[in-house]
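As stored in input.txt (compact mmCIF, N, CA and C atoms):
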# COMPACT_ATOMS: atom_id res chain seq x y z
N GLN A 763 20.40 2.40 -6.85
CA GLN A 763 19.79 1.26 -6.16
C GLN A 763 18.38 1.63 -5.73
N VAL A 764 17.44 0.76 -6.08
CA VAL A 764 16.04 1.02 -5.75
C VAL A 764 15.76 0.58 -4.32
N GLN A 765 15.07 1.44 -3.59
CA GLN A 765 14.61 1.10 -2.25
C GLN A 765 13.14 1.47 -2.11
N VAL A 766 12.42 0.62 -1.42
CA VAL A 766 11.00 0.85 -1.14
C VAL A 766 10.80 0.63 0.36
N VAL A 767 10.34 1.67 1.06
CA VAL A 767 10.26 1.61 2.51
C VAL A 767 8.87 2.03 2.98
N GLU A 768 8.21 1.13 3.70
CA GLU A 768 6.88 1.43 4.25
C GLU A 768 7.01 1.88 5.70
N SER A 769 6.00 2.60 6.15
CA SER A 769 5.89 2.97 7.56
C SER A 769 4.44 3.24 7.90
N GLY A 770 4.13 3.23 9.20
CA GLY A 770 2.81 3.64 9.65
C GLY A 770 1.91 2.54 10.17
N GLY A 771 2.35 1.30 10.15
CA GLY A 771 1.50 0.23 10.67
C GLY A 771 1.39 0.28 12.18
N GLY A 772 0.56 -0.60 12.72
CA GLY A 772 0.41 -0.67 14.16
C GLY A 772 -0.85 -1.38 14.57
N LEU A 773 -1.19 -1.22 15.84
CA LEU A 773 -2.38 -1.84 16.41
C LEU A 773 -3.47 -0.77 16.56
N VAL A 774 -4.66 -1.09 16.11
CA VAL A 774 -5.77 -0.14 16.19
C VAL A 774 -7.05 -0.90 16.51
N GLN A 775 -7.97 -0.25 17.19
CA GLN A 775 -9.25 -0.88 17.51
C GLN A 775 -10.18 -0.87 16.30
N PRO A 776 -11.11 -1.80 16.24
CA PRO A 776 -12.10 -1.78 15.16
C PRO A 776 -12.79 -0.43 15.08
N GLY A 777 -12.96 0.06 13.85
CA GLY A 777 -13.54 1.37 13.64
C GLY A 777 -12.52 2.50 13.61
N GLY A 778 -11.29 2.20 13.96
CA GLY A 778 -10.25 3.21 13.99
C GLY A 778 -9.62 3.46 12.64
N SER A 779 -8.59 4.31 12.65
CA SER A 779 -7.91 4.72 11.42
C SER A 779 -6.41 4.59 11.55
N LEU A 780 -5.77 4.36 10.41
CA LEU A 780 -4.31 4.36 10.31
C LEU A 780 -3.94 4.94 8.96
N ARG A 781 -2.74 5.50 8.89
CA ARG A 781 -2.23 6.01 7.62
C ARG A 781 -0.86 5.37 7.36
N LEU A 782 -0.77 4.69 6.23
CA LEU A 782 0.49 4.08 5.82
C LEU A 782 1.19 4.99 4.81
N SER A 783 2.51 4.97 4.86
CA SER A 783 3.31 5.70 3.89
C SER A 783 4.30 4.76 3.23
N CYS A 784 4.63 5.04 1.97
CA CYS A 784 5.62 4.25 1.25
C CYS A 784 6.48 5.20 0.42
N ALA A 785 7.77 5.21 0.70
CA ALA A 785 8.70 6.04 -0.05
C ALA A 785 9.59 5.16 -0.91
N ALA A 786 9.59 5.43 -2.21
CA ALA A 786 10.44 4.70 -3.15
C ALA A 786 11.54 5.63 -3.63
N SER A 787 12.73 5.09 -3.82
CA SER A 787 13.86 5.91 -4.26
C SER A 787 14.72 5.14 -5.24
N GLY A 788 15.53 5.87 -6.00
CA GLY A 788 16.48 5.24 -6.90
C GLY A 788 16.03 5.16 -8.34
N SER A 789 14.84 5.59 -8.65
CA SER A 789 14.35 5.55 -10.02
C SER A 789 13.07 6.35 -10.14
N ILE A 790 12.49 6.32 -11.35
CA ILE A 790 11.17 6.90 -11.58
C ILE A 790 10.18 5.74 -11.68
N PHE A 791 9.06 5.87 -11.00
CA PHE A 791 8.10 4.78 -10.92
C PHE A 791 6.78 5.18 -11.56
N SER A 792 6.18 4.25 -12.28
CA SER A 792 4.87 4.48 -12.88
C SER A 792 3.80 4.12 -11.85
N ASP A 793 3.25 2.93 -11.92
CA ASP A 793 2.25 2.52 -10.94
C ASP A 793 2.91 2.21 -9.59
N MET A 794 2.21 2.56 -8.54
CA MET A 794 2.59 2.17 -7.18
C MET A 794 1.33 1.70 -6.47
N GLY A 795 1.51 0.79 -5.53
CA GLY A 795 0.31 0.28 -4.88
C GLY A 795 0.58 -0.41 -3.57
N TRP A 796 -0.52 -0.75 -2.92
CA TRP A 796 -0.51 -1.47 -1.65
C TRP A 796 -1.13 -2.84 -1.83
N TYR A 797 -0.47 -3.84 -1.29
CA TYR A 797 -0.96 -5.20 -1.24
C TYR A 797 -0.96 -5.62 0.23
N ARG A 798 -1.69 -6.68 0.54
CA ARG A 798 -1.66 -7.19 1.90
C ARG A 798 -1.72 -8.71 1.90
N GLN A 799 -1.19 -9.27 2.97
CA GLN A 799 -1.19 -10.72 3.11
C GLN A 799 -1.50 -11.07 4.55
N ALA A 800 -2.62 -11.75 4.74
CA ALA A 800 -3.02 -12.23 6.06
C ALA A 800 -2.47 -13.64 6.25
N PRO A 801 -2.34 -14.08 7.49
CA PRO A 801 -1.81 -15.43 7.75
C PRO A 801 -2.63 -16.50 7.04
N GLY A 802 -1.95 -17.37 6.31
CA GLY A 802 -2.61 -18.47 5.62
C GLY A 802 -3.31 -18.09 4.34
N LYS A 803 -3.15 -16.83 3.93
CA LYS A 803 -3.82 -16.37 2.71
C LYS A 803 -2.80 -15.86 1.71
N GLU A 804 -3.22 -15.74 0.46
CA GLU A 804 -2.35 -15.21 -0.57
C GLU A 804 -2.31 -13.68 -0.51
N ARG A 805 -1.23 -13.13 -1.02
CA ARG A 805 -1.12 -11.68 -1.10
C ARG A 805 -2.17 -11.15 -2.08
N GLU A 806 -2.84 -10.06 -1.69
CA GLU A 806 -3.90 -9.51 -2.53
C GLU A 806 -3.72 -8.00 -2.70
N LEU A 807 -4.20 -7.50 -3.83
CA LEU A 807 -4.17 -6.07 -4.09
C LEU A 807 -5.16 -5.36 -3.17
N VAL A 808 -4.71 -4.24 -2.59
CA VAL A 808 -5.59 -3.39 -1.80
C VAL A 808 -5.98 -2.16 -2.62
N ALA A 809 -4.97 -1.46 -3.13
CA ALA A 809 -5.21 -0.26 -3.92
C ALA A 809 -3.95 0.05 -4.70
N ARG A 810 -4.12 0.69 -5.85
CA ARG A 810 -2.98 1.10 -6.64
C ARG A 810 -3.29 2.42 -7.31
N ILE A 811 -2.23 3.12 -7.69
CA ILE A 811 -2.41 4.44 -8.26
C ILE A 811 -1.35 4.67 -9.33
N THR A 812 -1.77 5.28 -10.45
CA THR A 812 -0.85 5.58 -11.52
C THR A 812 -0.11 6.89 -11.22
N ARG A 813 0.89 7.17 -12.02
CA ARG A 813 1.62 8.41 -11.85
C ARG A 813 0.71 9.62 -12.09
N GLY A 814 -0.29 9.41 -12.93
CA GLY A 814 -1.25 10.48 -13.21
C GLY A 814 -2.33 10.64 -12.17
N GLY A 815 -2.37 9.71 -11.20
CA GLY A 815 -3.33 9.85 -10.11
C GLY A 815 -4.58 9.00 -10.21
N SER A 816 -4.68 8.18 -11.24
CA SER A 816 -5.84 7.28 -11.34
C SER A 816 -5.66 6.12 -10.37
N ALA A 817 -6.73 5.83 -9.63
CA ALA A 817 -6.64 4.81 -8.58
C ALA A 817 -7.71 3.76 -8.75
N ASP A 818 -7.42 2.56 -8.29
CA ASP A 818 -8.45 1.55 -8.17
C ASP A 818 -8.24 0.78 -6.88
N TYR A 819 -9.33 0.18 -6.41
CA TYR A 819 -9.36 -0.43 -5.09
C TYR A 819 -9.98 -1.83 -5.12
N ALA A 820 -9.58 -2.65 -4.17
CA ALA A 820 -10.27 -3.90 -3.95
C ALA A 820 -11.67 -3.59 -3.45
N ASP A 821 -12.64 -4.43 -3.82
CA ASP A 821 -14.02 -4.19 -3.39
C ASP A 821 -14.14 -4.14 -1.87
N SER A 822 -13.31 -4.91 -1.19
CA SER A 822 -13.42 -5.00 0.27
C SER A 822 -13.03 -3.72 0.99
N VAL A 823 -12.34 -2.81 0.30
CA VAL A 823 -11.89 -1.58 0.97
C VAL A 823 -12.50 -0.32 0.37
N LYS A 824 -13.26 -0.45 -0.69
CA LYS A 824 -13.86 0.73 -1.32
C LYS A 824 -14.72 1.49 -0.33
N GLY A 825 -14.54 2.81 -0.31
CA GLY A 825 -15.31 3.65 0.59
C GLY A 825 -14.69 3.80 1.97
N ARG A 826 -13.69 2.97 2.27
CA ARG A 826 -13.02 3.05 3.58
C ARG A 826 -11.56 3.48 3.45
N PHE A 827 -10.89 3.04 2.39
CA PHE A 827 -9.47 3.34 2.19
C PHE A 827 -9.32 4.33 1.05
N THR A 828 -8.30 5.18 1.16
CA THR A 828 -7.98 6.14 0.11
C THR A 828 -6.48 6.12 -0.15
N ILE A 829 -6.12 5.92 -1.41
CA ILE A 829 -4.71 5.96 -1.79
C ILE A 829 -4.42 7.31 -2.42
N SER A 830 -3.24 7.85 -2.12
CA SER A 830 -2.84 9.11 -2.71
C SER A 830 -1.34 9.06 -3.01
N ARG A 831 -0.89 10.09 -3.75
CA ARG A 831 0.49 10.01 -4.24
C ARG A 831 1.10 11.40 -4.32
N ASP A 832 2.38 11.49 -3.97
CA ASP A 832 3.17 12.70 -4.13
C ASP A 832 4.34 12.35 -5.06
N ASN A 833 4.23 12.71 -6.34
CA ASN A 833 5.26 12.32 -7.30
C ASN A 833 6.61 12.97 -7.01
N ALA A 834 6.59 14.18 -6.49
CA ALA A 834 7.85 14.86 -6.18
C ALA A 834 8.67 14.10 -5.14
N LYS A 835 7.95 13.38 -4.27
CA LYS A 835 8.62 12.63 -3.21
C LYS A 835 8.65 11.13 -3.50
N ASN A 836 8.11 10.71 -4.65
CA ASN A 836 8.03 9.27 -4.97
C ASN A 836 7.39 8.51 -3.80
N THR A 837 6.35 9.09 -3.26
CA THR A 837 5.72 8.54 -2.05
C THR A 837 4.22 8.34 -2.27
N ILE A 838 3.72 7.23 -1.77
CA ILE A 838 2.28 7.01 -1.76
C ILE A 838 1.81 6.84 -0.32
N TYR A 839 0.53 7.07 -0.14
CA TYR A 839 -0.08 6.97 1.18
C TYR A 839 -1.35 6.11 1.08
N LEU A 840 -1.68 5.48 2.18
CA LEU A 840 -2.94 4.74 2.25
C LEU A 840 -3.63 5.15 3.54
N GLN A 841 -4.68 5.94 3.40
CA GLN A 841 -5.49 6.33 4.55
C GLN A 841 -6.55 5.26 4.75
N MET A 842 -6.52 4.62 5.90
CA MET A 842 -7.44 3.53 6.19
C MET A 842 -8.37 3.94 7.32
N ASN A 843 -9.66 4.01 7.01
CA ASN A 843 -10.68 4.38 7.98
C ASN A 843 -11.63 3.21 8.21
N SER A 844 -12.39 3.29 9.28
CA SER A 844 -13.38 2.25 9.60
C SER A 844 -12.77 0.86 9.51
N LEU A 845 -11.63 0.70 10.13
CA LEU A 845 -10.90 -0.56 10.05
C LEU A 845 -11.66 -1.70 10.71
N LYS A 846 -11.51 -2.87 10.11
CA LYS A 846 -12.19 -4.07 10.58
C LYS A 846 -11.14 -5.13 10.95
N PRO A 847 -11.48 -6.08 11.79
CA PRO A 847 -10.52 -7.14 12.12
C PRO A 847 -10.00 -7.87 10.88
N GLU A 848 -10.85 -7.99 9.88
CA GLU A 848 -10.41 -8.68 8.65
C GLU A 848 -9.42 -7.88 7.82
N ASP A 849 -9.15 -6.65 8.21
CA ASP A 849 -8.09 -5.87 7.56
C ASP A 849 -6.71 -6.19 8.13
N THR A 850 -6.68 -6.99 9.18
CA THR A 850 -5.41 -7.38 9.78
C THR A 850 -4.55 -8.16 8.78
N ALA A 851 -3.33 -7.68 8.58
CA ALA A 851 -2.43 -8.29 7.60
C ALA A 851 -1.10 -7.55 7.62
N VAL A 852 -0.13 -8.12 6.91
CA VAL A 852 1.08 -7.37 6.59
C VAL A 852 0.81 -6.64 5.29
N TYR A 853 1.03 -5.35 5.30
CA TYR A 853 0.79 -4.52 4.13
C TYR A 853 2.12 -4.23 3.44
N TYR A 854 2.15 -4.49 2.14
CA TYR A 854 3.36 -4.33 1.34
C TYR A 854 3.15 -3.25 0.28
N CYS A 855 4.18 -2.46 0.08
CA CYS A 855 4.18 -1.47 -0.99
C CYS A 855 4.87 -2.04 -2.22
N ASN A 856 4.31 -1.75 -3.37
CA ASN A 856 4.85 -2.19 -4.65
C ASN A 856 5.07 -0.99 -5.54
N ALA A 857 6.24 -0.95 -6.18
CA ALA A 857 6.56 0.14 -7.10
C ALA A 857 7.02 -0.43 -8.43
N ILE A 858 6.45 0.07 -9.51
CA ILE A 858 6.77 -0.42 -10.85
C ILE A 858 7.64 0.60 -11.57
N ARG A 859 8.82 0.16 -11.99
CA ARG A 859 9.69 1.01 -12.79
C ARG A 859 9.48 0.66 -14.26
N THR A 860 9.35 1.69 -15.08
CA THR A 860 9.05 1.46 -16.49
C THR A 860 10.29 1.12 -17.31
N LEU A 861 11.35 1.95 -17.16
CA LEU A 861 12.55 1.74 -17.96
C LEU A 861 13.80 1.72 -17.08
N PRO A 862 14.52 0.62 -17.04
CA PRO A 862 14.09 -0.70 -17.51
C PRO A 862 12.99 -1.26 -16.61
N ARG A 863 12.19 -2.16 -17.19
CA ARG A 863 11.04 -2.70 -16.49
C ARG A 863 11.47 -3.43 -15.22
N GLY A 864 10.75 -3.14 -14.13
CA GLY A 864 11.04 -3.84 -12.89
C GLY A 864 9.97 -3.60 -11.86
N ALA A 865 9.79 -4.55 -10.95
CA ALA A 865 8.82 -4.43 -9.88
C ALA A 865 9.55 -4.60 -8.56
N TYR A 866 9.28 -3.70 -7.63
CA TYR A 866 10.00 -3.67 -6.37
C TYR A 866 9.03 -3.68 -5.20
N TRP A 867 9.42 -4.39 -4.14
CA TRP A 867 8.58 -4.53 -2.95
C TRP A 867 9.29 -3.99 -1.72
N GLY A 868 8.50 -3.44 -0.82
CA GLY A 868 9.02 -3.08 0.48
C GLY A 868 9.04 -4.29 1.39
N GLN A 869 9.49 -4.07 2.63
CA GLN A 869 9.64 -5.16 3.57
C GLN A 869 8.33 -5.50 4.29
N GLY A 870 7.35 -4.63 4.16
CA GLY A 870 6.05 -4.87 4.78
C GLY A 870 5.91 -4.20 6.13
N THR A 871 4.68 -3.84 6.46
CA THR A 871 4.37 -3.26 7.76
C THR A 871 3.10 -3.91 8.30
N GLN A 872 3.13 -4.29 9.56
CA GLN A 872 2.02 -5.03 10.15
C GLN A 872 0.90 -4.08 10.56
N VAL A 873 -0.31 -4.43 10.17
CA VAL A 873 -1.52 -3.73 10.62
C VAL A 873 -2.38 -4.75 11.36
N THR A 874 -2.69 -4.45 12.61
CA THR A 874 -3.51 -5.34 13.42
C THR A 874 -4.72 -4.57 13.92
N VAL A 875 -5.91 -5.09 13.61
CA VAL A 875 -7.15 -4.46 14.04
C VAL A 875 -7.79 -5.38 15.07
N SER A 876 -7.79 -4.94 16.31
CA SER A 876 -8.27 -5.80 17.40
C SER A 876 -8.66 -4.96 18.59
N SER A 877 -9.66 -5.42 19.31
CA SER A 877 -10.05 -4.75 20.56
C SER A 877 -9.33 -5.37 21.75

Go ahead and render the structure in this file as structure tokens.
Amino acid sequence: QVQVVESGGGLVQPGGSLRLSCAASGSIFSDMGWYRQAPGKERELVARITRGGSADYADSVKGRFTISRDNAKNTIYLQMNSLKPEDTAVYYCNAIRTLPRGAYWGQGTQVTVSS
């Protein structure tokens, strides 16, 4: 049974930092990534990383966020620095299983950037 579990959200002041973690279990995953959804908006890609370590980012977070991965633990991380109020959203982890093909989501973790 596949499980995807996020942790690390919370309340932080503008300019602060947070680190999110996502642990996936029950299979081998190729791409894994972080998405976010703010109230009244569609879910959007934040960052994703391949099993080989290649990463790409949304333009809005480039230079501030860093995604990393530990394949032995099937875990990805999102280091978020210089946080802005517009980063406030529920952050979701996504894990892609290659064989058989499948996409799995975590339950989400709230990130609130506010003074």

Asn856 (chain A) environment, 8 Å, all atoms listed in the file, sequence neighbours closer than 6 positions dropped, as number ranges by chain: A: 766, 784, 793-797, 865-868

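The residues of region 772-873 of chain A that DSSP assigns to helix (DSSP H, G or I) on this backbone come out as Asn833, Ala834, Lys835, Pro847, Glu848 and Asp849 of chain A.
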
Gap from CA of Ser876 (chain A) to CA of Ser779 (chain A) - Å, one decimal: 12.1 Å

Proximity to Tyr839 (chain A) - best of A:Arg781, A:Gly825, A:Thr871, A:Leu861, only N, CA and C atoms: A:Arg781

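Going from CA of Gly814 (chain A) to CA of Ser792 (chain A) covers 8.6 Å.
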
Might I get the box with edges along x, y and z of the file that holds all atoms of region 838-845 of chain A listed there, padded by 5 Å on every side, given as centre and edge lengths in Å to one decimal, as AutoDock Vina command-line options?
--center_x -4.8 --center_y 2.8 --center_z 4.5 --size_x 27.1 --size_y 18.9 --size_z 22.5

Selected residue of minimal separation from Val873 (chain A) among A:Met842, A:Val764, A:Ile858, A:Val852, counting all atoms listed in the file: A:Val852

Nearby residues (only N, CA and C atoms) at most 8 Å from Ile790 (chain A), same-chain spacing under 4 positions excluded, as a list in words: Ala786, Asn836, Ala857, Ile858, Arg859, Thr860 and Leu861 of chain A
